[in-house]
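Source file upload.txt; content: compact mmCIF, C-alpha atoms.
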# COMPACT_ATOMS: atom_id res chain seq x y z
CA MET B 1 8.71 7.75 18.63
CA ARG B 2 11.14 9.72 20.77
CA VAL B 3 11.89 8.56 24.30
CA ALA B 4 12.90 10.95 27.09
CA THR B 5 16.27 10.41 28.75
CA GLU B 6 14.63 9.56 32.06
CA GLN B 7 15.03 5.81 32.72
CA LYS B 8 11.79 3.87 33.04
CA ARG B 9 11.38 0.51 34.76
CA LEU B 10 11.23 -2.17 32.07
CA THR B 11 9.14 -5.33 32.25
CA LEU B 12 9.68 -8.30 29.92
CA ILE B 13 6.22 -9.03 28.46
CA THR B 14 4.59 -9.89 25.16
CA GLY B 15 2.54 -7.47 23.09
CA ALA B 16 -0.63 -9.26 24.17
CA GLU B 17 0.34 -8.87 27.83
CA ALA B 18 1.22 -5.22 27.20
CA ALA B 19 -2.28 -4.58 25.84
CA ALA B 20 -3.76 -6.41 28.84
CA HIS B 21 -1.73 -4.26 31.25
CA ALA B 22 -3.11 -1.14 29.56
CA MET B 23 -6.63 -2.54 29.96
CA ARG B 24 -5.98 -3.32 33.63
CA GLN B 25 -4.82 0.22 34.28
CA ILE B 26 -7.75 1.74 32.38
CA ASN B 27 -10.11 -0.59 34.27
CA PRO B 28 -13.08 -0.47 31.87
CA ASP B 29 -16.58 -1.18 33.13
CA VAL B 30 -17.40 -3.96 30.67
CA VAL B 31 -15.37 -6.24 28.38
CA PRO B 32 -17.38 -8.70 26.24
CA VAL B 33 -15.05 -11.42 24.91
CA TYR B 34 -14.75 -14.46 22.70
CA PRO B 35 -11.40 -16.25 22.19
CA ILE B 36 -9.53 -16.45 18.89
CA THR B 37 -5.86 -16.97 18.11
CA PRO B 38 -3.67 -14.88 18.33
CA GLN B 39 -5.80 -12.43 20.31
CA THR B 40 -6.69 -14.83 23.13
CA PRO B 41 -3.68 -14.04 25.39
CA ILE B 42 -4.87 -10.42 25.66
CA ILE B 43 -8.11 -11.45 27.32
CA GLU B 44 -6.57 -14.39 29.21
CA THR B 45 -4.05 -12.06 30.83
CA PHE B 46 -6.69 -9.44 31.53
CA ALA B 47 -9.05 -12.03 33.04
CA GLN B 48 -6.25 -13.12 35.39
CA PHE B 49 -5.82 -9.52 36.53
CA ILE B 50 -9.52 -9.45 37.42
CA ALA B 51 -9.27 -12.78 39.24
CA ASP B 52 -6.31 -11.42 41.22
CA GLY B 53 -8.33 -8.36 42.25
CA GLN B 54 -6.21 -5.88 40.29
CA CYS B 55 -9.26 -4.44 38.51
CA ASP B 56 -13.00 -4.92 38.75
CA THR B 57 -14.18 -5.04 35.15
CA GLU B 58 -17.26 -7.10 34.30
CA ILE B 59 -16.21 -9.68 31.69
CA ILE B 60 -19.08 -11.03 29.59
CA ASN B 61 -18.36 -14.42 28.01
CA VAL B 62 -20.45 -14.65 24.86
CA GLU B 63 -21.02 -17.25 22.15
CA SER B 64 -19.37 -15.42 19.23
CA GLU B 65 -17.59 -12.23 18.21
CA HIS B 66 -20.85 -10.98 16.70
CA SER B 67 -22.35 -11.28 20.18
CA ALA B 68 -19.27 -9.68 21.76
CA MET B 69 -19.65 -6.52 19.72
CA SER B 70 -23.43 -6.55 20.20
CA ALA B 71 -22.92 -6.66 23.98
CA ALA B 72 -20.26 -3.94 23.67
CA VAL B 73 -22.70 -1.65 21.85
CA GLY B 74 -25.41 -2.26 24.44
CA ALA B 75 -23.07 -1.59 27.34
CA SER B 76 -21.61 1.51 25.67
CA CYS B 77 -25.05 2.97 24.93
CA ALA B 78 -25.99 2.35 28.58
CA GLY B 79 -23.06 4.56 29.59
CA ALA B 80 -20.27 2.07 30.32
CA ARG B 81 -16.61 2.35 29.37
CA VAL B 82 -16.13 -0.65 27.08
CA MET B 83 -13.18 -2.50 25.56
CA THR B 84 -12.84 -5.79 23.68
CA ALA B 85 -10.37 -7.72 21.51
CA THR B 86 -10.46 -9.91 18.42
CA SER B 87 -8.64 -11.14 15.34
CA SER B 88 -9.11 -12.42 11.79
CA GLN B 89 -12.39 -14.34 11.34
CA GLY B 90 -13.47 -12.95 14.68
CA LEU B 91 -13.24 -9.41 13.34
CA ALA B 92 -15.01 -10.55 10.18
CA LEU B 93 -17.91 -11.92 12.25
CA MET B 94 -17.85 -8.81 14.44
CA LEU B 95 -17.77 -6.41 11.50
CA GLU B 96 -21.54 -6.15 10.97
CA ILE B 97 -21.88 -4.71 14.47
CA VAL B 98 -18.66 -2.67 14.23
CA TYR B 99 -20.38 -0.61 11.53
CA ILE B 100 -23.32 -0.15 13.88
CA ALA B 101 -21.05 0.77 16.80
CA ALA B 102 -19.44 3.49 14.68
CA SER B 103 -22.76 4.85 13.44
CA MET B 104 -24.16 4.89 16.99
CA ARG B 105 -21.00 6.75 18.10
CA CYS B 106 -19.91 4.17 20.68
CA PRO B 107 -16.35 4.88 21.92
CA ILE B 108 -15.32 1.22 22.18
CA VAL B 109 -11.61 0.34 22.11
CA ILE B 110 -10.86 -2.84 20.16
CA ALA B 111 -7.47 -4.57 20.45
CA VAL B 112 -6.76 -6.49 17.25
CA GLY B 113 -4.14 -9.21 16.83
CA SER B 114 -3.75 -8.86 13.06
CA ARG B 115 -4.10 -12.22 11.33
CA ALA B 116 -4.83 -13.60 7.87
CA LEU B 117 -8.39 -14.30 6.82
CA SER B 118 -9.49 -17.78 5.76
CA GLY B 119 -9.50 -19.63 3.46
CA PRO B 120 -7.54 -21.68 3.47
CA ILE B 121 -7.29 -21.62 7.27
CA ASN B 122 -4.25 -19.72 8.46
CA ILE B 123 -3.59 -18.41 11.99
CA HIS B 124 -0.57 -16.24 11.21
CA CYS B 125 -0.11 -12.56 10.57
CA ASP B 126 -1.09 -10.32 7.76
CA HIS B 127 -3.27 -7.22 7.61
CA SER B 128 -6.23 -8.57 5.66
CA ASP B 129 -8.51 -8.42 8.72
CA SER B 130 -7.52 -4.84 9.53
CA MET B 131 -7.92 -3.67 5.94
CA MET B 132 -11.29 -5.40 5.68
CA ALA B 133 -12.51 -3.06 8.46
CA ARG B 134 -10.93 0.15 7.19
CA ASP B 135 -14.20 1.71 6.00
CA ALA B 136 -16.30 0.81 9.05
CA GLY B 137 -16.03 4.33 10.48
CA CYS B 138 -13.47 3.51 13.18
CA VAL B 139 -10.11 5.03 13.96
CA GLN B 140 -7.32 2.56 13.13
CA ILE B 141 -3.89 2.71 14.80
CA PHE B 142 -1.00 0.34 14.02
CA ALA B 143 1.73 -0.60 16.54
CA GLU B 144 5.25 -1.64 15.58
CA ASN B 145 6.14 -3.42 18.83
CA ALA B 146 4.91 -4.25 22.33
CA GLN B 147 5.80 -0.81 23.69
CA GLU B 148 3.68 0.88 21.07
CA ALA B 149 0.87 -1.64 21.61
CA TYR B 150 0.81 -0.62 25.29
CA ASP B 151 1.06 3.11 24.70
CA LEU B 152 -1.45 3.21 21.87
CA MET B 153 -4.07 1.28 23.85
CA ILE B 154 -3.90 3.98 26.52
CA ILE B 155 -4.07 6.81 23.99
CA ALA B 156 -6.92 5.05 22.15
CA GLN B 157 -9.21 5.15 25.17
CA ARG B 158 -8.90 8.90 25.54
CA LEU B 159 -9.19 9.40 21.79
CA ALA B 160 -12.37 7.34 21.47
CA GLU B 161 -14.10 9.09 24.35
CA ASP B 162 -13.33 12.65 23.27
CA ARG B 163 -16.71 14.21 22.50
CA ARG B 164 -15.43 15.51 19.18
CA VAL B 165 -14.78 11.89 18.14
CA LEU B 166 -16.98 9.26 19.88
CA VAL B 167 -16.26 6.36 17.54
CA PRO B 168 -14.61 2.96 18.09
CA VAL B 169 -10.82 2.88 17.98
CA MET B 170 -8.94 -0.22 16.79
CA VAL B 171 -5.36 -0.79 17.95
CA MET B 172 -3.58 -3.27 15.67
CA GLN B 173 -0.60 -5.38 16.64
CA ASP B 174 0.80 -8.11 14.39
CA GLY B 175 -0.34 -11.58 15.38
CA PHE B 176 2.38 -13.74 16.96
CA THR B 177 5.12 -11.34 15.83
CA ILE B 178 4.02 -8.88 18.53
CA THR B 179 1.24 -10.64 20.46
CA HIS B 180 3.42 -13.61 21.44
CA SER B 181 6.94 -12.13 21.39
CA ALA B 182 8.40 -10.88 24.67
CA GLU B 183 10.39 -7.66 24.82
CA PRO B 184 11.13 -4.98 27.42
CA VAL B 185 8.19 -2.60 27.90
CA ALA B 186 8.16 0.52 30.07
CA LEU B 187 4.90 0.39 32.01
CA LEU B 188 3.54 3.57 33.53
CA PRO B 189 2.35 3.77 37.13
CA ASP B 190 -1.31 2.84 37.45
CA GLU B 191 -2.25 6.24 38.79
CA SER B 192 -0.57 7.99 35.84
CA VAL B 193 -2.63 6.01 33.35
CA ARG B 194 -5.87 6.60 35.22
CA GLU B 195 -5.15 10.31 35.45
CA PHE B 196 -4.36 10.45 31.72
CA VAL B 197 -7.51 8.57 30.73
CA GLY B 198 -9.76 10.25 33.29
CA GLN B 199 -13.34 9.42 34.18
CA TYR B 200 -15.68 8.58 31.33
CA GLU B 201 -18.77 10.74 31.19
CA PRO B 202 -21.16 9.41 28.52
CA LEU B 203 -22.97 12.02 26.50
CA TYR B 204 -26.39 10.37 26.07
CA PRO B 205 -26.59 7.24 28.27
CA LEU B 206 -29.73 5.21 27.74
CA LEU B 207 -30.17 4.78 31.48
CA ASP B 208 -30.50 8.55 32.01
CA THR B 209 -34.29 8.63 32.34
CA ASP B 210 -34.28 12.41 32.85
CA ARG B 211 -32.99 12.87 29.28
CA PRO B 212 -34.60 10.13 27.17
CA THR B 213 -33.05 9.58 23.75
CA THR B 214 -33.62 7.36 20.75
CA GLN B 215 -30.65 5.10 19.92
CA GLY B 216 -30.19 3.22 16.68
CA PRO B 217 -33.30 4.49 14.84
CA PHE B 218 -34.40 3.61 11.33
CA ALA B 219 -32.98 6.33 9.08
CA LEU B 220 -34.89 7.03 5.88
CA PRO B 221 -33.24 8.76 2.89
CA ASP B 222 -34.01 12.22 4.28
CA TYR B 223 -31.71 11.62 7.31
CA TYR B 224 -29.23 8.82 6.54
CA PHE B 225 -26.90 10.94 4.38
CA GLU B 226 -26.50 13.62 7.07
CA LEU B 227 -25.71 10.99 9.71
CA LYS B 228 -22.91 9.59 7.52
CA ARG B 229 -21.56 13.12 7.07
CA GLN B 230 -21.37 13.50 10.85
CA GLN B 231 -19.23 10.36 10.99
CA VAL B 232 -16.90 11.96 8.45
CA ASP B 233 -16.58 14.95 10.79
CA ALA B 234 -15.85 12.63 13.72
CA LEU B 235 -12.97 10.95 11.89
CA GLU B 236 -11.63 14.33 10.82
CA ALA B 237 -11.80 15.56 14.42
CA ALA B 238 -9.81 12.48 15.45
CA ARG B 239 -6.81 13.95 13.62
CA THR B 240 -6.87 17.04 15.83
CA VAL B 241 -7.50 15.09 19.01
CA TRP B 242 -4.69 12.64 18.17
CA LEU B 243 -2.18 15.49 17.97
CA GLU B 244 -3.43 17.03 21.21
CA LEU B 245 -3.11 13.71 23.01
CA GLN B 246 0.49 13.30 21.87
CA GLU B 247 1.46 16.33 23.90
CA ARG B 248 -0.39 15.09 26.98
CA PHE B 249 0.99 11.58 26.65
CA ALA B 250 4.54 12.92 26.30
CA GLU B 251 4.08 14.82 29.56
CA THR B 252 2.80 11.65 31.25
CA SER B 253 5.24 9.09 29.85
CA GLY B 254 8.27 10.86 28.43
CA ARG B 255 7.53 9.09 25.13
CA ARG B 256 6.50 11.25 22.21
CA TYR B 257 4.63 10.10 19.12
CA GLU B 258 5.26 13.01 16.80
CA GLY B 259 2.60 13.52 14.16
CA PHE B 260 0.67 10.79 12.42
CA PHE B 261 3.63 8.65 11.41
CA GLU B 262 7.25 7.95 12.24
CA GLU B 263 9.97 9.14 9.88
CA TYR B 264 13.17 7.11 10.04
CA LYS B 265 16.09 8.70 8.17
CA LEU B 266 13.57 10.07 5.72
CA SER B 267 14.44 13.76 5.56
CA ASP B 268 17.21 13.37 2.93
CA ALA B 269 16.15 10.02 1.46
CA GLU B 270 16.20 9.50 -2.30
CA TYR B 271 14.37 6.19 -1.85
CA ALA B 272 11.53 5.74 0.63
CA LEU B 273 9.77 2.69 2.05
CA VAL B 274 6.24 2.91 3.47
CA ILE B 275 5.47 0.05 5.85
CA LEU B 276 2.95 -0.60 8.64
CA SER B 277 3.54 -2.31 11.98
CA SER B 278 6.27 -4.82 12.91
CA THR B 279 7.98 -5.11 9.51
CA ALA B 280 8.96 -1.46 9.92
CA GLY B 281 11.42 -2.66 12.58
CA THR B 282 13.12 -4.96 10.06
CA ALA B 283 13.15 -2.13 7.52
CA LYS B 284 15.06 0.10 9.96
CA VAL B 285 17.84 -2.52 10.15
CA VAL B 286 18.00 -2.64 6.34
CA ILE B 287 18.09 1.14 6.11
CA ASP B 288 20.99 1.35 8.56
CA ARG B 289 22.95 -1.20 6.50
CA LEU B 290 22.26 0.56 3.21
CA ARG B 291 23.09 3.97 4.67
CA ARG B 292 26.53 2.66 5.62
CA LYS B 293 26.96 1.79 1.93
CA GLY B 294 25.97 5.31 0.89
CA VAL B 295 22.41 4.55 -0.24
CA LYS B 296 20.05 7.32 0.84
CA VAL B 297 16.96 5.39 1.88
CA GLY B 298 14.41 6.12 4.60
CA LEU B 299 11.17 4.87 6.09
CA LEU B 300 7.69 6.27 6.68
CA LYS B 301 5.75 4.17 9.19
CA PRO B 302 2.14 5.27 9.72
CA TRP B 303 0.60 4.97 13.16
CA LEU B 304 -2.73 6.37 12.03
CA PHE B 305 -4.30 4.64 9.04
CA ARG B 306 -7.84 5.89 9.64
CA PRO B 307 -8.28 8.79 9.40
CA PHE B 308 -5.60 8.71 6.70
CA PRO B 309 -3.21 11.70 6.98
CA ALA B 310 -2.95 12.19 3.22
CA GLU B 311 -1.53 15.71 2.98
CA GLU B 312 1.06 15.18 5.73
CA ILE B 313 2.27 11.93 4.16
CA ALA B 314 2.48 13.51 0.71
CA GLN B 315 4.62 16.35 2.03
CA ALA B 316 6.89 13.96 3.95
CA LEU B 317 7.51 11.93 0.78
CA ALA B 318 7.63 14.79 -1.71
CA HIS B 319 11.43 14.96 -1.97
CA ALA B 320 11.96 11.25 -2.68
CA HIS B 321 12.90 10.08 -6.15
CA ALA B 322 11.10 6.75 -5.73
CA ILE B 323 8.77 5.26 -3.11
CA ALA B 324 7.88 1.63 -2.45
CA VAL B 325 4.68 0.90 -0.54
CA LEU B 326 4.71 -2.55 1.06
CA ASP B 327 1.20 -3.92 1.69
CA ARG B 328 0.66 -6.93 3.96
CA ALA B 329 -2.83 -7.37 2.54
CA ILE B 330 -4.12 -8.10 -0.91
CA SER B 331 -7.02 -6.31 -2.56
CA PHE B 332 -8.12 -8.77 -5.23
CA GLY B 333 -8.42 -7.18 -8.63
CA SER B 334 -6.71 -3.97 -7.55
CA TRP B 335 -3.53 -2.62 -5.96
CA GLY B 336 -2.58 -2.87 -2.30
CA PRO B 337 -4.84 -0.96 0.13
CA MET B 338 -2.13 1.33 1.50
CA TYR B 339 -0.64 1.87 -1.96
CA LEU B 340 -3.97 3.22 -3.17
CA GLU B 341 -4.06 5.68 -0.26
CA ILE B 342 -0.48 6.83 -0.87
CA SER B 343 -1.04 7.14 -4.60
CA ALA B 344 -4.16 9.25 -4.08
CA ALA B 345 -2.36 11.45 -1.55
CA LEU B 346 0.61 12.11 -3.83
CA GLY B 347 -1.65 12.81 -6.80
CA ARG B 348 -3.79 15.26 -4.84
CA TYR B 349 -1.13 17.25 -3.01
CA LEU B 350 1.99 17.14 -5.20
CA HIS B 351 2.56 18.73 -8.60
CA GLU B 352 5.38 16.31 -9.39
CA LYS B 353 4.63 12.82 -8.20
CA PRO B 354 7.59 10.55 -7.28
CA VAL B 355 7.87 7.14 -8.91
CA LEU B 356 5.64 4.84 -6.89
CA TYR B 357 6.01 1.05 -6.52
CA ASN B 358 3.72 -1.45 -4.83
CA TYR B 359 4.73 -4.76 -3.26
CA ILE B 360 2.48 -7.33 -1.61
CA TYR B 361 4.37 -9.21 1.11
CA GLY B 362 4.06 -11.46 4.15
CA LEU B 363 0.63 -12.93 3.51
CA GLY B 364 -0.33 -15.68 5.93
CA GLY B 365 2.75 -15.02 8.04
CA ARG B 366 5.29 -15.50 5.21
CA ASP B 367 8.69 -14.41 6.52
CA THR B 368 10.12 -11.18 5.12
CA PRO B 369 13.86 -11.19 5.88
CA PRO B 370 16.07 -8.11 5.56
CA GLU B 371 17.35 -9.30 2.19
CA SER B 372 13.85 -9.14 0.73
CA ILE B 373 13.37 -5.55 1.84
CA ALA B 374 16.82 -4.63 0.54
CA SER B 375 15.81 -6.07 -2.86
CA VAL B 376 12.97 -3.54 -3.01
CA VAL B 377 15.50 -0.72 -2.77
CA THR B 378 17.58 -2.37 -5.49
CA ASP B 379 14.49 -2.51 -7.72
CA MET B 380 13.96 1.22 -7.23
CA GLN B 381 17.61 1.93 -8.00
CA ASN B 382 17.34 -0.15 -11.18
CA GLU B 383 14.20 1.77 -12.17
CA LEU B 384 12.02 -1.26 -12.76
CA ASP B 385 8.60 -0.65 -14.28
CA PRO B 386 6.40 0.85 -11.52
CA ARG B 387 3.23 -0.19 -13.34
CA VAL B 388 3.80 -3.80 -12.31
CA LEU B 389 2.34 -5.01 -9.00
CA ARG B 390 5.07 -7.12 -7.41
CA TYR B 391 4.97 -9.90 -4.80
CA LEU B 392 7.82 -10.08 -2.31
CA GLY B 393 9.04 -13.54 -1.32
CA LEU B 394 6.48 -15.38 -3.48
CA ARG B 395 7.37 -18.61 -5.31
CA GLU B 396 6.30 -18.07 -8.92
Written form, structure tokens:
Amino acid sequence: MRVATEQKRLTLITGAEAAAHAMRQINPDVVPVYPITPQTPIIETFAQFIADGQCDTEIINVESEHSAMSAAVGASCAGARVMTATSSQGLALMLEIVYIAASMRCPIVIAVGSRALSGPINIHCDHSDSMMARDAGCVQIFAENAQEAYDLMIIAQRLAEDRRVLVPVMVMQDGFTITHSAEPVALLPDESVREFVGQYEPLYPLLDTDRPTTQGPFALPDYYFELKRQQVDALEAARTVWLELQERFAETSGRRYEGFFEEYKLSDAEYALVILSSTAGTAKVVIDRLRRKGVKVGLLKPWLFRPFPAEEIAQALAHAHAIAVLDRAISFGSWGPMYLEISAALGRYLHEKPVLYNYIYGLGGRDTPPESIASVVTDMQNELDPRVLRYLGLRE
């Protein structure tokens, strides 16, 4: 992300509060909610904004996350602008209806405080909840810090509601690491956000009695396949819309998200790391240290995980001698979820595939200090066997 030279007023807030500020400025019509750590501060902060008269959203307190997403689908189909938030087991309970929301083309924005899935019970960060939902038909965007959590929530609303897309958009921020950590965030003026997002004009609202429609029908084999193909087109269109919105957001904010991912000292790197979300910040520190020692290492940090920008990532990594993909989620019986995507991308778009390593790290909030990330680069330099799935920071 590039930031314009113009100084912006900074506010010390957590990632959860940053997401809530974005929601306040967007001022959605309806927000169905159910609390779960570490997402709860998003809705607590937003509810306080409503109580203070800073926005007039209708909050619906429901009995579960399944009900929250059910209410979100109903409100969205009625023509409302809808947002919600969840985490971990909450997203798992919500997931049945998330699939339905995507298939019914409901542009609901979902803030996710990424957290490990039980069992055993764990309330700390990893990406198992996010990866569980990766094939639901939603756009998935990952934030590195509170500033990105704020910006991406704003962009997500416009992205979801574009008529070429019309699917839910999930904005992921790491639980506790981002949701509960305070850092300076440049907030935009309220009017700038509302102008960027614009008025929502639903395409086929159920309450439009002059144009009656059928929503959520039973699809027999002679229709179901075509409906799924339309969802594929929607996710593909999201790539185009994402790039268009970057230009508009740069004009509004002075902050530019270039492409589908951030490249940090990657252009001449012999060794590349691929990392999602907050751990990318730690990796940048490691890269700076290793660069001072003459090691040519760089980082690719995806913002967009769904739709997955396979060709662009393959081209960005093509020159590297070796690549290590660090997954903060485990796919039992297989390789890491992001590793599989990167491997497929390199195999499809490159004639000569770089050596590719996979590391599982940080499950259940396990700390990943700079030394651990530096050891990954050492492994690549020592040409360890890439066929071995490795676990970073595990006692075994």
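When all atoms listed in the file are used to compute distances to Ser372 (chain B), the closest of the residues B:Asp268, B:Val73, B:Ser334, B:Leu394 turns out to be B:Leu394.
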So that I can check the surroundings of Asp367 (chain B), please list as a ChimeraX atom specification every protein, DNA and RNA residue that reaches within 12 Å of it, counting only C-alpha atoms and ignoring chain neighbours fewer than 6 positions away.
/B:124-126,177,278-279,282,328,361,373,392-394
Minimum-distance residue to Arg158 (chain B), chosen among B:Gly365, B:Gly198, B:Pro189, B:Gly119 (using all atoms listed in the file)
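With all atoms listed in the file as the atom set, the closest residue is B:Gly198.
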Mind running region 16-81 of chain B against region 163-176 of chain B at 12 Å and telling me each contacting residue's nearest atom pair with the distance in Å (one decimal), counting all atoms listed in the file, chain and number ascending, as CSV?
residue,atom,partner,partner_atom,distance
B:Ala16,CA,B:Gln173,CA,8.5
B:Glu17,CA,B:Gln173,CA,11.8
B:Ala18,CA,B:Gln173,CA,10.7
B:Ala19,CA,B:Val171,CA,9.3
B:Ala22,CA,B:Val171,CA,11.8
B:Ile36,CA,B:Gly175,CA,11.0
B:Thr37,CA,B:Gly175,CA,8.2
B:Pro38,CA,B:Gly175,CA,5.5
B:Gln39,CA,B:Gly175,CA,7.4
B:Thr40,CA,B:Gly175,CA,10.5
B:Pro41,CA,B:Phe176,CA,10.4
B:Ile42,CA,B:Gln173,CA,11.2
B:Met69,CA,B:Pro168,CA,10.9
B:Ala72,CA,B:Pro168,CA,10.5
B:Val73,CA,B:Pro168,CA,10.0
B:Ser76,CA,B:Pro168,CA,10.4
B:Cys77,CA,B:Leu166,CA,11.4
B:Arg81,CA,B:Pro168,CA,11.5
With C-alpha atoms retained, could you export that selection as a short mmCIF file (atom, residue, chain, number, x, y, z; two decimals), keeping the file's coordinate frame?
data_model
loop_
_atom_site.label_atom_id
_atom_site.label_comp_id
_atom_site.auth_asym_id
_atom_site.auth_seq_id
_atom_site.Cartn_x
_atom_site.Cartn_y
_atom_site.Cartn_z
CA ALA B 16 -0.63 -9.26 24.17
CA GLU B 17 0.34 -8.87 27.83
CA ALA B 18 1.22 -5.22 27.20
CA ALA B 19 -2.28 -4.58 25.84
CA ALA B 22 -3.11 -1.14 29.56
CA ILE B 36 -9.53 -16.45 18.89
CA THR B 37 -5.86 -16.97 18.11
CA PRO B 38 -3.67 -14.88 18.33
CA GLN B 39 -5.80 -12.43 20.31
CA THR B 40 -6.69 -14.83 23.13
CA PRO B 41 -3.68 -14.04 25.39
CA ILE B 42 -4.87 -10.42 25.66
CA MET B 69 -19.65 -6.52 19.72
CA ALA B 72 -20.26 -3.94 23.67
CA VAL B 73 -22.70 -1.65 21.85
CA SER B 76 -21.61 1.51 25.67
CA CYS B 77 -25.05 2.97 24.93
CA ARG B 81 -16.61 2.35 29.37
#
Fewer than 2 positions away in the same chain doesn't count, so skip those; otherwise give me all residues within 8 Å of Phe142 (chain B), counting all atoms listed in the file, as a PyMOL selection string.
chain B and resi 140+144+171-173+276-277+302-305
Env of Leu300 (chain B): 12 Å cut, atoms = all atoms listed in the file, seq-sep filter 3 positions within chain, self excluded. Answer as an mmCIF file with C-alpha atoms, in the coordinates of the input.
data_model
loop_
_atom_site.group_PDB
_atom_site.id
_atom_site.type_symbol
_atom_site.label_atom_id
_atom_site.label_comp_id
_atom_site.auth_asym_id
_atom_site.auth_seq_id
_atom_site.Cartn_x
_atom_site.Cartn_y
_atom_site.Cartn_z
ATOM 1 C CA GLY B 259 2.600 13.520 14.160
ATOM 2 C CA PHE B 260 0.670 10.790 12.420
ATOM 3 C CA PHE B 261 3.630 8.650 11.410
ATOM 4 C CA GLU B 262 7.250 7.950 12.240
ATOM 5 C CA GLU B 263 9.970 9.140 9.880
ATOM 6 C CA TYR B 264 13.170 7.110 10.040
ATOM 7 C CA LYS B 265 16.090 8.700 8.170
ATOM 8 C CA LEU B 266 13.570 10.070 5.720
ATOM 9 C CA SER B 267 14.440 13.760 5.560
ATOM 10 C CA ALA B 269 16.150 10.020 1.460
ATOM 11 C CA TYR B 271 14.370 6.190 -1.850
ATOM 12 C CA ALA B 272 11.530 5.740 0.630
ATOM 13 C CA LEU B 273 9.770 2.690 2.050
ATOM 14 C CA VAL B 274 6.240 2.910 3.470
ATOM 15 C CA ILE B 275 5.470 0.050 5.850
ATOM 16 C CA LEU B 276 2.950 -0.600 8.640
ATOM 17 C CA SER B 277 3.540 -2.310 11.980
ATOM 18 C CA THR B 279 7.980 -5.110 9.510
ATOM 19 C CA ALA B 280 8.960 -1.460 9.920
ATOM 20 C CA GLY B 281 11.420 -2.660 12.580
ATOM 21 C CA ALA B 283 13.150 -2.130 7.520
ATOM 22 C CA LYS B 284 15.060 0.100 9.960
ATOM 23 C CA ILE B 287 18.090 1.140 6.110
ATOM 24 C CA VAL B 297 16.960 5.390 1.880
ATOM 25 C CA TRP B 303 0.600 4.970 13.160
ATOM 26 C CA LEU B 304 -2.730 6.370 12.030
ATOM 27 C CA GLU B 312 1.060 15.180 5.730
ATOM 28 C CA ILE B 313 2.270 11.930 4.160
ATOM 29 C CA ALA B 314 2.480 13.510 0.710
ATOM 30 C CA GLN B 315 4.620 16.350 2.030
ATOM 31 C CA ALA B 316 6.890 13.960 3.950
ATOM 32 C CA LEU B 317 7.510 11.930 0.780
ATOM 33 C CA ALA B 318 7.630 14.790 -1.710
ATOM 34 C CA ALA B 320 11.960 11.250 -2.680
ATOM 35 C CA ILE B 323 8.770 5.260 -3.110
ATOM 36 C CA ALA B 324 7.880 1.630 -2.450
ATOM 37 C CA VAL B 325 4.680 0.900 -0.540
ATOM 38 C CA LEU B 326 4.710 -2.550 1.060
ATOM 39 C CA ILE B 342 -0.480 6.830 -0.870
#
Between CA of Ile141 (chain B) and CA of Arg248 (chain B), what is the spacing in Å?
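Computing it gives 17.7 Å between the two atoms.
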Excluding Thr214 (chain B) and residues on its chain fewer than 4 positions from it, collect all residues at most 12 Å away from it, counting only C-alpha atoms, and give them as a PyMOL selection string.
chain B and resi 77+104+204-209+218-219
Dump C-alpha atoms for the selected residues as a PDB file, in the coordinates of the input?
ATOM      1  CA  CYS B  77     -25.050   2.970  24.930  1.00  0.00           C
ATOM      2  CA  MET B 104     -24.160   4.890  16.990  1.00  0.00           C
ATOM      3  CA  TYR B 204     -26.390  10.370  26.070  1.00  0.00           C
ATOM      4  CA  PRO B 205     -26.590   7.240  28.270  1.00  0.00           C
ATOM      5  CA  LEU B 206     -29.730   5.210  27.740  1.00  0.00           C
ATOM      6  CA  LEU B 207     -30.170   4.780  31.480  1.00  0.00           C
ATOM      7  CA  ASP B 208     -30.500   8.550  32.010  1.00  0.00           C
ATOM      8  CA  THR B 209     -34.290   8.630  32.340  1.00  0.00           C
ATOM      9  CA  PHE B 218     -34.400   3.610  11.330  1.00  0.00           C
ATOM     10  CA  ALA B 219     -32.980   6.330   9.080  1.00  0.00           C
TER      11      ALA B 219
END
Between CA of Glu44 (chain B) and CA of Ile59 (chain B), what is the distance, to one decimal in Å?
11.0 Å
Using only C-alpha atoms, can you tell me which of B:Ala47, B:Leu152, B:Ala310, B:Ala329 comes closest to Arg348 (chain B)?
B:Ala310
Measuring between all atoms listed in the file, which one of B:Asn358, B:Asn122, B:Thr378, B:Ser343 shows the shortest distance to Gln89 (chain B)?
B:Asn122
Taking all atoms of region 78-82 of chain B that appear in the file, build a box with edges along x, y and z, extend it by 4 Å on every side, and state its centre and edge lengths in Å to one decimal, as JSON.
{"center_x": -21.1, "center_y": 2.0, "center_z": 28.7, "size_x": 17.9, "size_y": 13.2, "size_z": 11.2}
Please compute the CA of Glu251 (chain B)-CA of Leu187 (chain B) distance, one decimal, in Å.
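Interatomic distance, CA of Glu251 (chain B) to CA of Leu187 (chain B): 14.7 Å.
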Counting all atoms listed in the file, which residues have an atom no more than 9 Å from (2.1, -0.3, 33.8) in the file's coordinates? Please list them as JSON, numbers by chain.
{"B": [11, 18, 21, 22, 24, 25, 150, 185, 186, 187, 188, 189, 190, 192, 193]}
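Using only C-alpha atoms for every distance, the candidate list B:Asp56, B:Asp129, B:Asp29, B:Asp379 yields B:Asp129 as the residue closest to Pro337 (chain B).
For Glu244 (chain B), the non-local neighbours within 10 Å, defined as residues at least 5 positions apart in the same chain or in other chains and counting only C-alpha atoms, are Leu159, Ala238, Arg239, Phe249 and Gly259 of chain B.
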Which is closer to Gln199 (chain B) than all the others in B:Val355, B:Ala80, B:Leu389, B:Ile50, using all atoms listed in the file?
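Among B:Val355, B:Ala80, B:Leu389, B:Ile50, it is B:Ala80 that comes nearest to Gln199 (chain B).
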